[in-house]
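Visitor: What follows is the file start16.cif, containing mmCIF, C-alpha atoms and all ligand atoms:
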data_final
loop_
_atom_site.label_atom_id
_atom_site.label_comp_id
_atom_site.auth_asym_id
_atom_site.auth_seq_id
_atom_site.Cartn_x
_atom_site.Cartn_y
_atom_site.Cartn_z
CA MET F 1 8.97 20.30 63.14
CA LYS F 2 8.56 24.02 63.64
CA ALA F 3 7.29 25.01 67.06
CA ILE F 4 7.09 27.93 69.42
CA ILE F 5 8.78 26.79 72.61
CA SER F 6 9.77 28.07 76.01
CA HIS F 7 12.75 26.79 78.01
CA ASN F 8 11.60 28.49 81.23
CA TYR F 9 8.72 30.05 83.08
CA GLY F 10 8.54 33.76 82.47
CA THR F 11 7.00 36.31 80.16
CA PHE F 12 6.44 36.48 76.40
CA ASN F 13 10.20 37.11 76.03
CA GLU F 14 10.80 33.40 76.68
CA LEU F 15 8.99 32.35 73.49
CA LYS F 16 11.12 31.33 70.51
CA LEU F 17 10.44 29.68 67.16
CA VAL F 18 12.57 26.57 66.53
CA THR F 19 12.59 24.43 63.40
CA ASP F 20 13.94 21.18 64.85
CA PHE F 21 11.47 20.22 67.57
CA ILE F 22 10.64 16.51 67.61
CA LYS F 23 7.34 15.82 65.85
CA PRO F 24 4.96 13.71 67.99
CA ASP F 25 6.04 10.22 66.82
CA LYS F 26 3.43 8.11 68.57
CA ILE F 27 -0.18 9.24 68.76
CA PRO F 28 -1.54 8.34 72.20
CA LYS F 29 -4.46 5.89 72.12
CA GLY F 30 -7.77 7.68 71.59
CA GLN F 31 -6.10 10.77 70.14
CA MET F 32 -5.45 12.35 66.75
CA LEU F 33 -2.46 13.96 65.05
CA ILE F 34 -3.30 17.38 63.67
CA LYS F 35 -1.45 19.61 61.21
CA THR F 36 -2.02 22.88 63.02
CA GLU F 37 -3.39 25.89 61.11
CA ALA F 38 -4.35 28.42 63.79
CA VAL F 39 -4.08 28.75 67.57
CA ALA F 40 -6.20 30.96 69.83
CA VAL F 41 -4.29 32.34 72.84
CA SER F 42 -6.06 32.41 76.23
CA PRO F 43 -5.45 33.91 79.67
CA GLY F 44 -4.59 30.36 80.85
CA ASP F 45 -1.73 30.12 78.30
CA VAL F 46 -0.16 33.26 79.76
CA ARG F 47 -0.70 31.94 83.29
CA VAL F 48 0.99 28.61 82.52
CA LEU F 49 3.96 30.38 80.93
CA SER F 50 4.27 32.70 83.95
CA GLY F 51 4.68 29.76 86.34
CA ALA F 52 1.96 31.15 88.65
CA CYS F 53 0.38 27.68 88.76
CA LYS F 54 3.43 25.59 87.88
CA GLU F 55 2.84 22.77 90.34
CA MET F 56 -0.79 22.39 89.23
CA GLN F 57 -0.83 23.22 85.53
CA GLY F 58 2.81 23.47 84.47
CA PRO F 59 4.33 21.34 81.73
CA PRO F 60 5.92 18.03 82.83
CA SER F 61 9.26 19.13 81.34
CA PHE F 62 11.04 21.89 79.41
CA PRO F 63 11.19 23.01 76.69
CA TYR F 64 7.44 22.97 76.26
CA ILE F 65 5.08 24.14 73.52
CA PRO F 66 2.48 26.57 74.83
CA GLY F 67 -1.08 27.08 73.54
CA GLY F 68 -4.09 24.85 74.07
CA ASP F 69 -6.88 25.64 71.60
CA LEU F 70 -6.44 25.15 67.88
CA CYS F 71 -7.79 24.43 64.44
CA GLY F 72 -6.07 22.11 61.96
CA THR F 73 -6.34 19.13 59.65
CA ILE F 74 -6.36 15.53 60.86
CA ILE F 75 -3.30 13.61 59.66
CA ASP F 76 -3.84 10.39 61.58
CA MET F 77 -5.97 8.84 64.31
CA ASN F 78 -5.21 6.16 66.91
CA ASP F 79 -8.25 4.22 68.03
CA VAL F 80 -10.71 7.00 67.20
CA ASP F 81 -13.72 5.77 65.23
CA PRO F 82 -14.64 8.23 62.42
CA SER F 83 -18.19 6.90 62.29
CA LYS F 84 -18.64 7.80 65.97
CA VAL F 85 -16.94 11.22 65.99
CA GLY F 86 -18.23 12.38 62.59
CA TYR F 87 -14.84 13.26 61.02
CA GLY F 88 -11.74 11.48 59.80
CA LYS F 89 -8.34 11.86 58.17
CA GLY F 90 -8.12 14.97 55.98
CA ASP F 91 -10.97 16.78 57.78
CA ARG F 92 -10.48 20.17 59.37
CA VAL F 93 -11.33 20.24 63.07
CA ALA F 94 -11.32 22.73 65.96
CA ALA F 95 -10.31 21.56 69.43
CA ARG F 96 -10.30 22.91 72.96
CA PHE F 97 -7.60 21.45 75.18
CA THR F 98 -8.68 18.72 77.58
CA ILE F 99 -5.53 17.73 79.47
CA GLY F 100 -3.43 20.87 79.92
CA PRO F 101 -3.21 24.09 77.92
CA ARG F 102 -0.07 23.22 75.97
CA GLY F 103 1.18 21.61 72.76
CA ALA F 104 -0.85 23.63 70.24
CA LEU F 105 1.82 26.01 68.93
CA GLY F 106 3.63 23.36 66.92
CA GLU F 107 3.40 22.46 63.26
CA PHE F 108 1.78 19.24 64.50
CA ALA F 109 -0.17 18.59 67.71
CA THR F 110 -2.06 15.70 69.27
CA VAL F 111 -5.60 16.28 70.47
CA SER F 112 -8.38 14.27 72.00
CA PRO F 113 -11.81 14.07 70.30
CA LYS F 114 -13.49 14.93 73.64
CA MET F 115 -13.82 18.65 72.81
CA THR F 116 -13.27 18.56 69.05
CA GLY F 117 -15.65 19.36 66.21
CA LYS F 118 -15.57 19.30 62.41
CA VAL F 119 -15.20 22.82 61.01
CA PRO F 120 -17.81 23.89 58.45
CA ASP F 121 -16.27 25.00 55.11
CA ASN F 122 -17.45 28.59 55.41
CA LEU F 123 -15.35 29.24 58.55
CA SER F 124 -11.65 30.11 58.40
CA SER F 125 -9.21 28.19 60.59
CA GLU F 126 -8.54 31.35 62.62
CA GLU F 127 -12.27 31.77 63.28
CA ALA F 128 -12.65 28.10 64.20
CA ALA F 129 -9.80 28.25 66.74
CA VAL F 130 -11.45 31.28 68.39
CA LEU F 131 -14.84 29.62 68.50
CA ALA F 132 -13.42 26.44 70.03
CA SER F 133 -11.56 28.39 72.66
CA SER F 134 -13.90 31.08 73.99
CA ALA F 135 -17.25 30.91 72.26
CA THR F 136 -17.79 27.42 73.69
CA ILE F 137 -17.28 28.86 77.20
CA ALA F 138 -19.68 31.69 76.36
CA LEU F 139 -22.29 29.19 75.17
CA CYS F 140 -21.97 27.23 78.44
CA LEU F 141 -22.43 30.43 80.45
CA SER F 142 -25.40 31.54 78.36
CA ARG F 143 -27.24 28.38 79.38
CA ARG F 144 -27.39 29.76 82.91
CA ILE F 145 -29.22 32.89 81.78
CA THR F 146 -32.95 33.02 81.12
CA LYS F 147 -34.60 35.11 78.43
CA GLY F 148 -36.20 37.71 80.67
CA GLU F 149 -33.02 38.69 82.55
CA ARG F 150 -31.25 42.03 82.53
CA VAL F 151 -27.56 41.18 82.43
CA ILE F 152 -24.31 43.09 82.80
CA ILE F 153 -21.04 41.55 81.63
CA VAL F 154 -18.05 43.03 83.46
CA GLY F 155 -14.99 42.29 81.31
CA GLY F 156 -17.18 42.18 78.23
CA GLY F 157 -14.66 42.93 75.50
CA GLY F 158 -12.43 39.85 75.80
CA GLY F 159 -12.65 36.35 74.41
CA VAL F 160 -15.56 35.10 76.47
CA GLY F 161 -17.45 38.41 76.72
CA SER F 162 -17.37 39.23 73.00
CA HIS F 163 -19.10 35.94 72.21
CA LEU F 164 -21.35 35.87 75.27
CA SER F 165 -22.96 39.22 74.38
CA GLN F 166 -23.79 37.87 70.91
CA ILE F 167 -25.21 34.59 72.22
CA LEU F 168 -27.35 36.38 74.82
CA ARG F 169 -28.70 38.65 72.07
CA LEU F 170 -29.49 35.58 70.00
CA LYS F 171 -31.39 34.06 72.93
CA GLY F 172 -33.44 37.24 73.23
CA THR F 173 -32.07 38.19 76.67
CA ALA F 174 -34.09 41.21 77.83
CA TYR F 175 -31.18 43.63 78.37
CA VAL F 176 -27.42 43.15 77.90
CA ALA F 177 -24.96 45.76 79.16
CA ALA F 178 -21.18 45.59 79.43
CA ALA F 179 -18.17 47.21 81.05
CA SER F 180 -15.16 47.68 78.80
CA HIS F 181 -12.52 50.30 78.11
CA GLU F 182 -13.95 50.33 74.58
CA PRO F 183 -17.68 50.80 75.27
CA ASP F 184 -18.44 51.85 71.68
CA ARG F 185 -17.17 48.51 70.40
CA MET F 186 -19.49 46.72 72.83
CA MET F 187 -22.52 48.50 71.39
CA ARG F 188 -21.61 48.00 67.72
CA GLU F 189 -22.40 44.89 65.71
CA PRO F 190 -21.79 42.05 66.14
CA LEU F 191 -21.63 42.49 69.95
CA SER F 192 -24.71 44.77 69.98
CA CYS F 193 -25.04 45.40 73.72
CA ASP F 194 -27.87 47.69 74.81
CA ASN F 195 -25.48 49.80 76.80
CA ALA F 196 -21.85 49.95 77.92
CA LEU F 197 -19.66 51.94 80.29
CA ASP F 198 -15.93 52.51 80.30
CA TYR F 199 -14.54 51.19 83.59
CA THR F 200 -11.49 53.45 83.27
CA GLN F 201 -13.79 56.49 83.39
CA LYS F 202 -16.79 55.39 85.47
CA ASP F 203 -17.40 53.22 88.48
CA VAL F 204 -19.38 50.43 86.80
CA TYR F 205 -20.45 49.01 90.18
CA ASP F 206 -22.27 52.29 90.95
CA PHE F 207 -25.84 52.17 89.70
CA THR F 208 -26.06 55.97 89.56
CA GLU F 209 -23.56 55.85 86.67
CA TRP F 210 -25.85 53.51 84.73
CA LYS F 211 -28.85 55.73 85.46
CA LYS F 212 -27.00 58.56 83.72
CA VAL F 213 -27.03 56.56 80.49
CA GLY F 214 -30.69 55.67 80.81
CA VAL F 215 -30.64 52.33 82.63
CA ASP F 216 -33.78 52.50 84.74
CA GLU F 217 -33.78 49.18 86.56
CA LYS F 218 -31.07 47.27 88.41
CA PHE F 219 -29.57 44.21 86.73
CA ASP F 220 -30.76 40.68 87.51
CA THR F 221 -27.35 39.17 86.87
CA VAL F 222 -23.76 40.36 87.00
CA ILE F 223 -21.44 38.14 84.95
CA ASP F 224 -17.95 38.99 86.19
CA LEU F 225 -15.24 38.00 83.70
CA SER F 226 -12.60 40.33 85.07
CA GLY F 227 -12.58 39.43 88.78
CA GLY F 228 -13.01 41.30 92.07
CA GLY F 229 -16.69 42.15 91.63
CA TRP F 230 -17.88 40.13 94.62
CA LEU F 231 -15.56 41.98 97.03
CA ARG F 232 -16.94 45.23 95.66
CA LEU F 233 -20.55 44.12 96.25
CA MET F 234 -19.67 42.97 99.80
CA GLU F 235 -18.18 46.39 100.50
CA GLN F 236 -21.31 48.12 99.21
CA GLN F 237 -23.57 45.80 101.18
CA SER F 238 -21.83 46.64 104.45
CA SER F 239 -22.47 50.34 103.89
CA LYS F 240 -26.16 51.27 103.83
CA VAL F 241 -25.58 54.24 101.50
CA ASP F 242 -23.55 52.20 99.02
CA SER F 243 -25.99 49.30 98.99
CA LYS F 244 -28.53 51.59 97.30
CA ARG F 245 -25.95 52.09 94.58
CA MET F 246 -25.45 48.37 93.99
CA ILE F 247 -25.99 47.54 90.29
CA VAL F 248 -27.68 44.19 90.91
CA LYS F 249 -30.88 43.17 92.67
CA PRO F 250 -30.61 41.17 95.92
CA GLY F 251 -31.06 37.42 95.81
CA LYS F 252 -34.59 37.57 97.23
CA ASN F 253 -35.59 39.56 94.12
CA GLY F 254 -33.77 37.19 91.77
CA GLY F 255 -30.38 38.92 91.74
CA ARG F 256 -27.35 36.78 90.83
CA TYR F 257 -23.58 37.17 90.62
CA LEU F 258 -21.96 34.67 88.27
CA THR F 259 -18.22 34.41 87.71
CA LEU F 260 -15.42 32.29 86.26
CA VAL F 261 -12.64 34.26 87.91
CA PRO F 262 -11.14 34.32 91.42
CA ASP F 263 -11.06 37.74 93.19
CA VAL F 264 -7.53 38.43 92.04
CA TYR F 265 -7.13 38.06 88.29
CA ASN F 266 -3.39 37.26 88.40
CA PHE F 267 -3.74 34.61 91.11
CA GLU F 268 -1.01 32.15 92.09
CA MET F 269 -1.77 28.50 92.87
CA HIS F 270 1.01 26.17 93.98
CA THR F 271 -0.63 23.54 96.16
CA ILE F 272 -3.83 21.52 96.22
CA TRP F 273 -4.76 23.37 99.40
CA GLN F 274 -4.44 26.72 97.61
CA ALA F 275 -6.51 25.39 94.72
CA MET F 276 -9.23 24.14 97.10
CA LYS F 277 -9.27 27.45 98.96
CA LEU F 278 -9.41 29.48 95.75
CA PHE F 279 -11.97 27.46 93.85
CA VAL F 280 -13.90 25.41 96.39
CA PHE F 281 -13.99 26.68 100.00
CA THR F 282 -14.29 30.41 99.28
CA ASN F 283 -17.06 29.81 96.78
CA LEU F 284 -18.91 27.37 99.05
CA VAL F 285 -18.93 29.94 101.86
CA ARG F 286 -20.19 32.62 99.46
CA HIS F 287 -22.80 30.26 98.05
CA PHE F 288 -24.39 29.71 101.47
CA TYR F 289 -23.75 33.19 102.86
CA SER F 290 -25.48 34.88 99.93
CA ARG F 291 -28.41 32.47 99.87
CA PHE F 292 -29.16 31.96 103.57
CA LEU F 293 -27.78 34.98 105.45
CA LYS F 294 -27.76 37.92 103.06
CA SER F 295 -30.35 37.23 100.40
CA THR F 296 -32.06 40.55 101.18
CA SER F 297 -28.94 42.59 100.49
CA LEU F 298 -26.61 40.59 98.22
CA PRO F 299 -27.21 38.74 94.95
CA VAL F 300 -26.72 34.97 95.12
CA HIS F 301 -23.14 33.99 94.33
CA SER F 302 -22.28 31.30 91.76
CA PHE F 303 -18.84 30.29 90.61
CA ALA F 304 -19.06 28.49 87.26
CA MET F 305 -16.36 25.95 87.97
CA SER F 306 -17.60 22.92 86.12
CA LEU F 307 -18.45 24.25 82.68
CA ASP F 308 -19.95 21.57 80.46
CA ASN F 309 -17.16 19.92 78.51
CA ASP F 310 -19.41 17.94 76.23
CA VAL F 311 -18.71 17.86 72.54
CA GLU F 312 -22.26 18.97 71.72
CA ILE F 313 -21.29 22.48 72.91
CA MET F 314 -18.49 22.48 70.34
CA LYS F 315 -20.82 21.29 67.57
CA GLU F 316 -23.49 23.86 68.46
CA THR F 317 -20.95 26.71 68.60
CA LEU F 318 -19.51 25.89 65.17
CA LYS F 319 -23.02 25.49 63.74
CA LEU F 320 -24.15 28.90 65.04
CA ALA F 321 -21.13 30.50 63.39
CA SER F 322 -21.56 28.67 60.10
CA GLU F 323 -25.18 29.89 60.02
CA ASN F 324 -23.90 33.47 60.52
CA LYS F 325 -25.65 33.75 63.89
CA LEU F 326 -22.38 34.10 65.81
CA LYS F 327 -19.30 35.98 64.64
CA ALA F 328 -15.85 34.82 65.76
CA CYS F 329 -14.15 37.93 67.20
CA ILE F 330 -10.45 38.01 66.27
CA ASP F 331 -8.43 40.88 67.72
CA ASP F 332 -7.71 43.15 64.75
CA ARG F 333 -4.05 43.60 65.77
CA GLY F 334 -3.54 40.05 64.50
CA PRO F 335 -3.69 37.29 63.44
CA PHE F 336 -0.06 37.09 64.52
CA GLY F 337 2.64 35.24 62.66
CA PHE F 338 4.06 31.80 63.45
CA THR F 339 7.38 33.47 64.25
CA THR F 340 9.25 34.38 67.41
CA GLU F 341 8.08 38.00 67.05
CA GLY F 342 4.51 36.96 66.26
CA ALA F 343 4.20 34.64 69.26
CA GLN F 344 5.82 37.18 71.59
CA ALA F 345 3.48 39.95 70.38
CA ALA F 346 0.44 37.69 70.73
CA PHE F 347 1.32 36.69 74.33
CA GLN F 348 2.19 40.28 75.22
CA LEU F 349 -1.22 41.44 74.00
CA GLN F 350 -3.02 38.65 75.90
CA ALA F 351 -1.08 39.50 79.06
CA SER F 352 -2.27 43.13 78.78
CA ARG F 353 -5.85 41.83 79.39
CA ASN F 354 -7.20 44.36 76.92
CA VAL F 355 -8.01 42.08 74.06
CA ARG F 356 -10.68 42.77 71.43
CA GLY F 357 -12.13 39.28 71.31
CA LYS F 358 -9.36 36.72 70.86
CA VAL F 359 -5.66 36.83 70.09
CA VAL F 360 -4.86 34.42 67.25
CA ILE F 361 -1.64 33.02 65.80
CA SER F 362 -1.89 31.82 62.22
CA MET F 363 0.49 29.06 61.10
CA LYS F 364 0.25 30.12 57.47
CA ASN F 365 1.69 33.51 58.36
CA THR F 366 5.41 32.76 58.61
CA GLY F 367 6.66 36.21 57.67
CA ASP F 368 4.88 39.24 59.10
CA THR F 369 4.42 39.59 62.83
CA THR F 370 0.86 40.77 62.60
CA GLY F 371 -0.40 39.20 59.37
CA GLY F 372 -1.39 42.59 58.03
CA GLY F 373 -3.43 43.46 61.10
CA LYS F 374 -3.36 46.87 62.77
CA LYS F 375 -0.30 47.89 64.74
CA LEU F 376 0.04 46.99 68.40
N1 LIG B 1 -13.22 28.35 84.45
C1 LIG B 1 -12.99 28.23 83.17
O1 LIG B 1 -13.15 27.15 82.62
C2 LIG B 1 -12.60 29.41 82.35
C3 LIG B 1 -12.63 29.27 80.99
C4 LIG B 1 -12.34 30.37 80.22
C5 LIG B 1 -12.01 31.58 80.82
N2 LIG B 1 -11.94 31.65 82.17
C6 LIG B 1 -11.56 32.91 82.82
O2 LIG B 1 -12.54 33.90 82.50
C7 LIG B 1 -11.91 35.17 82.42
C8 LIG B 1 -12.28 35.86 81.12
O3 LIG B 1 -11.71 35.13 80.04
P1 LIG B 1 -11.45 35.86 78.68
O4 LIG B 1 -10.86 34.82 77.80
O5 LIG B 1 -12.64 36.59 78.21
O6 LIG B 1 -10.31 36.92 79.09
P2 LIG B 1 -9.73 38.10 78.21
O7 LIG B 1 -9.98 37.86 76.78
O8 LIG B 1 -8.33 38.32 78.63
O9 LIG B 1 -10.63 39.35 78.62
C9 LIG B 1 -10.39 40.03 79.79
C10 LIG B 1 -11.48 41.06 79.99
O10 LIG B 1 -11.17 41.69 81.22
C11 LIG B 1 -11.39 43.06 81.06
N3 LIG B 1 -10.56 43.85 81.97
C12 LIG B 1 -9.23 44.01 81.96
N4 LIG B 1 -8.87 44.83 82.96
C13 LIG B 1 -10.02 45.17 83.58
C14 LIG B 1 -10.33 46.02 84.69
N5 LIG B 1 -9.36 46.64 85.35
N6 LIG B 1 -11.60 46.15 85.07
C15 LIG B 1 -12.61 45.53 84.39
N7 LIG B 1 -12.38 44.71 83.33
C16 LIG B 1 -11.10 44.55 82.95
C17 LIG B 1 -11.04 43.36 79.63
O11 LIG B 1 -11.76 44.54 79.35
P3 LIG B 1 -11.71 45.38 78.01
O12 LIG B 1 -13.01 45.06 77.33
O13 LIG B 1 -11.62 46.77 78.47
O14 LIG B 1 -10.51 44.96 77.21
C18 LIG B 1 -11.52 42.12 78.91
O15 LIG B 1 -12.83 42.28 78.51
C19 LIG B 1 -10.40 34.91 82.58
O16 LIG B 1 -10.03 35.18 83.91
C20 LIG B 1 -10.24 33.44 82.30
O17 LIG B 1 -9.13 32.89 82.95
C21 LIG B 1 -12.25 30.61 82.93
#
Written as structure tokens, how would this file's structure read?
Guide:
Amino acid sequence: MKAIISHNYGTFNELKLVTDFIKPDKIPKGQMLIKTEAVAVSPGDVRVLSGACKEMQGPPSFPYIPGGDLCGTIIDMNDVDPSKVGYGKGDRVAARFTIGPRGALGEFATVSPKMTGKVPDNLSSEEAAVLASSATIALCLSRRITKGERVIIVGGGGGVGSHLSQILRLKGTAYVAAASHEPDRMMREPLSCDNALDYTQKDVYDFTEWKKVGVDEKFDTVIDLSGGGWLRLMEQQSSKVDSKRMIVKPGKNGGRYLTLVPDVYNFEMHTIWQAMKLFVFTNLVRHFYSRFLKSTSLPVHSFAMSLDNDVEIMKETLKLASENKLKACIDDRGPFGFTTEGAQAAFQLQASRNVRGKVVISMKNTGDTTGGGKKL
């Protein structure tokens, strides 16, 4: 079958289209064979390819097929009961990876029904792949926010942020602001934030900058999708002058800092000890420190490590989109082609971290690199 493969760890330059990759011949028990139609690229796909987490998340062997989140049509099922999952052979489904982020960028892929949903007819396959990949994460995060909160999303323009702002709006969240190098996009439909600042021009962790654009009250919650925000708040807290400039209320007044990202965005993780330190110990210390020692000066710290992986999230996300309440945000420089050039351009754009929503590769585009999208 056709597939985008990599023979090594490295950058986007490693990706190549081949036409003779072995099609999955046996479907593992409890899984389905999918004819792939679109793949949404994520930060994790770039990280796996880079080898930064090779011992923990790397493929078992090379060459491997990158990409984890997809939309496609079911060709066959092994021990999956259509009456239980609500779809069967010939149906179009969207799936978020459950084992490791790999295998999606092939003509055929095997997926588990654990995070898979039937795609409503009024959604394109490109939209469905995006929704499965990032909008499901955004929906999980939104469940941690209550209606009355004033929220700022740092790293608001990417895959998670572009859908989170919409879902928070839908929930009637009191105030939604964002930091992005494209603040105008954040305030336009469908993202519709109340306010936005460009982090390349302004210090978004300085409340005086927000005051200049009419924000009169500190935020209840910082959602940090770009990383490093907690270190910044700690720095401000240790300086009395800076603490007045902190953008978020302290924990005793309901202030919260919620993140999915370690302090360093491009982190490396090679051992279980490193993984525990990065994701467990550091966050446990911050959890207690912010709640019991510094609740008068710091917001309470939460690392959203165990996002709900239940299939209801997938169903709800696809339903919101099919009812036109949520718009899948596809970066307008794509969808990229199912070609060597297309896959390389898609991974290069994702690695830049300045993505407008999601980077998508469309299997039906086997010619152009960009599928008629705007130039890179
Ligand atoms: N734990 C989990 O299960 C899980 C699941 C999904 C995602 N994640 C993590 O969540 C994070 C966000 O995911 P995503 O898919 O939304 O990533 P993404 O699409 O790559 O978006 C990255 C965002 O970071 C912003 N950014 C880049 N450089 C920045 C800087 N110097 N300062 C401030 N912001 C900057 C970008 O801003 P612009 O708006 O200016 O482009 C963009 O909004 C990633 O680290 C990802 O690995 C974790």
Visitor: May I ask which of the residues F:Gly68, F:Pro299, F:Gly254, F:Gly342 is the closest one to ligand LIG 1 (chain B), counting all atoms listed in the file?
Guide: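 Closest to ligand LIG 1 (chain B), using all atoms listed in the file: F:Gly68.
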Visitor: At most 8 Å is the cut-off: for each residue in chain F with any atom that close to an atom of ligand LIG 1 (chain B), write down the nearest atom pair and the distance in Å rounded to one decimal, counting only C-alpha atoms and all ligand atoms, chain first then increasing number, as JSON lines.
Guide:
{"residue": "F:Ser42", "atom": "CA", "partner": "B:LIG1", "partner_atom": "O4", "distance": 5.6}
{"residue": "F:Pro43", "atom": "CA", "partner": "B:LIG1", "partner_atom": "O17", "distance": 5.0}
{"residue": "F:Gly44", "atom": "CA", "partner": "B:LIG1", "partner_atom": "O17", "distance": 5.6}
{"residue": "F:Ser133", "atom": "CA", "partner": "B:LIG1", "partner_atom": "C4", "distance": 7.9}
{"residue": "F:Ser134", "atom": "CA", "partner": "B:LIG1", "partner_atom": "O4", "distance": 6.1}
{"residue": "F:Ile137", "atom": "CA", "partner": "B:LIG1", "partner_atom": "C4", "distance": 6.0}
{"residue": "F:Val154", "atom": "CA", "partner": "B:LIG1", "partner_atom": "N7", "distance": 5.9}
{"residue": "F:Gly155", "atom": "CA", "partner": "B:LIG1", "partner_atom": "O15", "distance": 3.5}
{"residue": "F:Gly156", "atom": "CA", "partner": "B:LIG1", "partner_atom": "O15", "distance": 4.4}
{"residue": "F:Gly157", "atom": "CA", "partner": "B:LIG1", "partner_atom": "O12", "distance": 3.3}
{"residue": "F:Gly158", "atom": "CA", "partner": "B:LIG1", "partner_atom": "O7", "distance": 3.3}
{"residue": "F:Gly159", "atom": "CA", "partner": "B:LIG1", "partner_atom": "O5", "distance": 3.8}
{"residue": "F:Val160", "atom": "CA", "partner": "B:LIG1", "partner_atom": "O5", "distance": 3.7}
{"residue": "F:Gly161", "atom": "CA", "partner": "B:LIG1", "partner_atom": "O5", "distance": 5.4}
{"residue": "F:Ser162", "atom": "CA", "partner": "B:LIG1", "partner_atom": "O5", "distance": 7.5}
{"residue": "F:Ala179", "atom": "CA", "partner": "B:LIG1", "partner_atom": "C15", "distance": 6.7}
{"residue": "F:Ser180", "atom": "CA", "partner": "B:LIG1", "partner_atom": "O13", "distance": 3.7}
{"residue": "F:His181", "atom": "CA", "partner": "B:LIG1", "partner_atom": "O13", "distance": 3.7}
{"residue": "F:Glu182", "atom": "CA", "partner": "B:LIG1", "partner_atom": "O13", "distance": 5.8}
{"residue": "F:Pro183", "atom": "CA", "partner": "B:LIG1", "partner_atom": "O12", "distance": 7.7}
{"residue": "F:Asp198", "atom": "CA", "partner": "B:LIG1", "partner_atom": "O13", "distance": 7.4}
{"residue": "F:Tyr199", "atom": "CA", "partner": "B:LIG1", "partner_atom": "N6", "distance": 6.0}
{"residue": "F:Thr200", "atom": "CA", "partner": "B:LIG1", "partner_atom": "N5", "distance": 7.4}
{"residue": "F:Leu225", "atom": "CA", "partner": "B:LIG1", "partner_atom": "C8", "distance": 4.5}
{"residue": "F:Ser226", "atom": "CA", "partner": "B:LIG1", "partner_atom": "O10", "distance": 4.3}
{"residue": "F:Gly227", "atom": "CA", "partner": "B:LIG1", "partner_atom": "O16", "distance": 6.9}
{"residue": "F:Thr259", "atom": "CA", "partner": "B:LIG1", "partner_atom": "O2", "distance": 7.7}
{"residue": "F:Leu260", "atom": "CA", "partner": "B:LIG1", "partner_atom": "N1", "distance": 4.9}
{"residue": "F:Val261", "atom": "CA", "partner": "B:LIG1", "partner_atom": "O16", "distance": 4.9}
{"residue": "F:Pro262", "atom": "CA", "partner": "B:LIG1", "partner_atom": "O16", "distance": 7.6}
{"residue": "F:Tyr265", "atom": "CA", "partner": "B:LIG1", "partner_atom": "O16", "distance": 6.0}
{"residue": "F:Ala304", "atom": "CA", "partner": "B:LIG1", "partner_atom": "N1", "distance": 6.5}
{"residue": "F:Met305", "atom": "CA", "partner": "B:LIG1", "partner_atom": "N1", "distance": 5.3}
{"residue": "F:Ser306", "atom": "CA", "partner": "B:LIG1", "partner_atom": "O1", "distance": 7.1}
{"residue": "F:Leu307", "atom": "CA", "partner": "B:LIG1", "partner_atom": "O1", "distance": 6.0}
{"residue": "F:Gln350", "atom": "CA", "partner": "B:LIG1", "partner_atom": "O8", "distance": 6.0}
{"residue": "F:Ala351", "atom": "CA", "partner": "B:LIG1", "partner_atom": "O8", "distance": 7.4}
{"residue": "F:Ser352", "atom": "CA", "partner": "B:LIG1", "partner_atom": "C12", "distance": 7.7}
{"residue": "F:Arg353", "atom": "CA", "partner": "B:LIG1", "partner_atom": "O8", "distance": 4.4}
{"residue": "F:Asn354", "atom": "CA", "partner": "B:LIG1", "partner_atom": "O14", "distance": 3.4}
{"residue": "F:Val355", "atom": "CA", "partner": "B:LIG1", "partner_atom": "O14", "distance": 4.9}
{"residue": "F:Arg356", "atom": "CA", "partner": "B:LIG1", "partner_atom": "O14", "distance": 6.2}
{"residue": "F:Gly357", "atom": "CA", "partner": "B:LIG1", "partner_atom": "O7", "distance": 6.0}
{"residue": "F:Lys358", "atom": "CA", "partner": "B:LIG1", "partner_atom": "O7", "distance": 6.1}
Visitor: Which is closer to Val80 of chain F than all the others in F:Lys277, F:Pro28, F:Thr146, F:Asp20, using only C-alpha atoms?
Guide: F:Pro28
Visitor: Could you check which of F:Trp230, F:Asp310, F:Asn365, F:Val111 is closest to Phe336 of chain F, using only C-alpha atoms?
Guide: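 Of the candidates, the smallest distance to Phe336 of chain F is held by F:Asn365.
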Visitor: Rounded to one decimal, what separation in Å do you get between atom CA of Leu139 of chain F and atom CA of Phe279 of chain F?
Guide: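 So the answer is 21.4 Å.
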Visitor: Give me, please, the distance in Å between atom CA of Arg245 of chain F and atom CA of Thr208 of chain F, quoted to one decimal.
Guide: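 Atom CA of Arg245 of chain F sits 6.3 Å away from atom CA of Thr208 of chain F.
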Visitor: If you count only C-alpha atoms, which residues fall within 8 Å of segment 320-327 of chain F, apart from same-chain ones fewer than 3 positions away, as a ChimeraX atom specification?
Guide: /F:120,122-123,163,166-167,170,190,316-317
Visitor: Output C-alpha atoms of each residue in that selection to a file, as a PDB file, in the frame of the given file.
Guide:
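Dumped everything to result_31.pdb:
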ATOM      1  CA  PRO F 120     -17.810  23.890  58.450  1.00  0.00           C
ATOM      2  CA  ASN F 122     -17.450  28.590  55.410  1.00  0.00           C
ATOM      3  CA  LEU F 123     -15.350  29.240  58.550  1.00  0.00           C
ATOM      4  CA  HIS F 163     -19.100  35.940  72.210  1.00  0.00           C
ATOM      5  CA  GLN F 166     -23.790  37.870  70.910  1.00  0.00           C
ATOM      6  CA  ILE F 167     -25.210  34.590  72.220  1.00  0.00           C
ATOM      7  CA  LEU F 170     -29.490  35.580  70.000  1.00  0.00           C
ATOM      8  CA  PRO F 190     -21.790  42.050  66.140  1.00  0.00           C
ATOM      9  CA  GLU F 316     -23.490  23.860  68.460  1.00  0.00           C
ATOM     10  CA  THR F 317     -20.950  26.710  68.600  1.00  0.00           C
TER      11      THR F 317
END
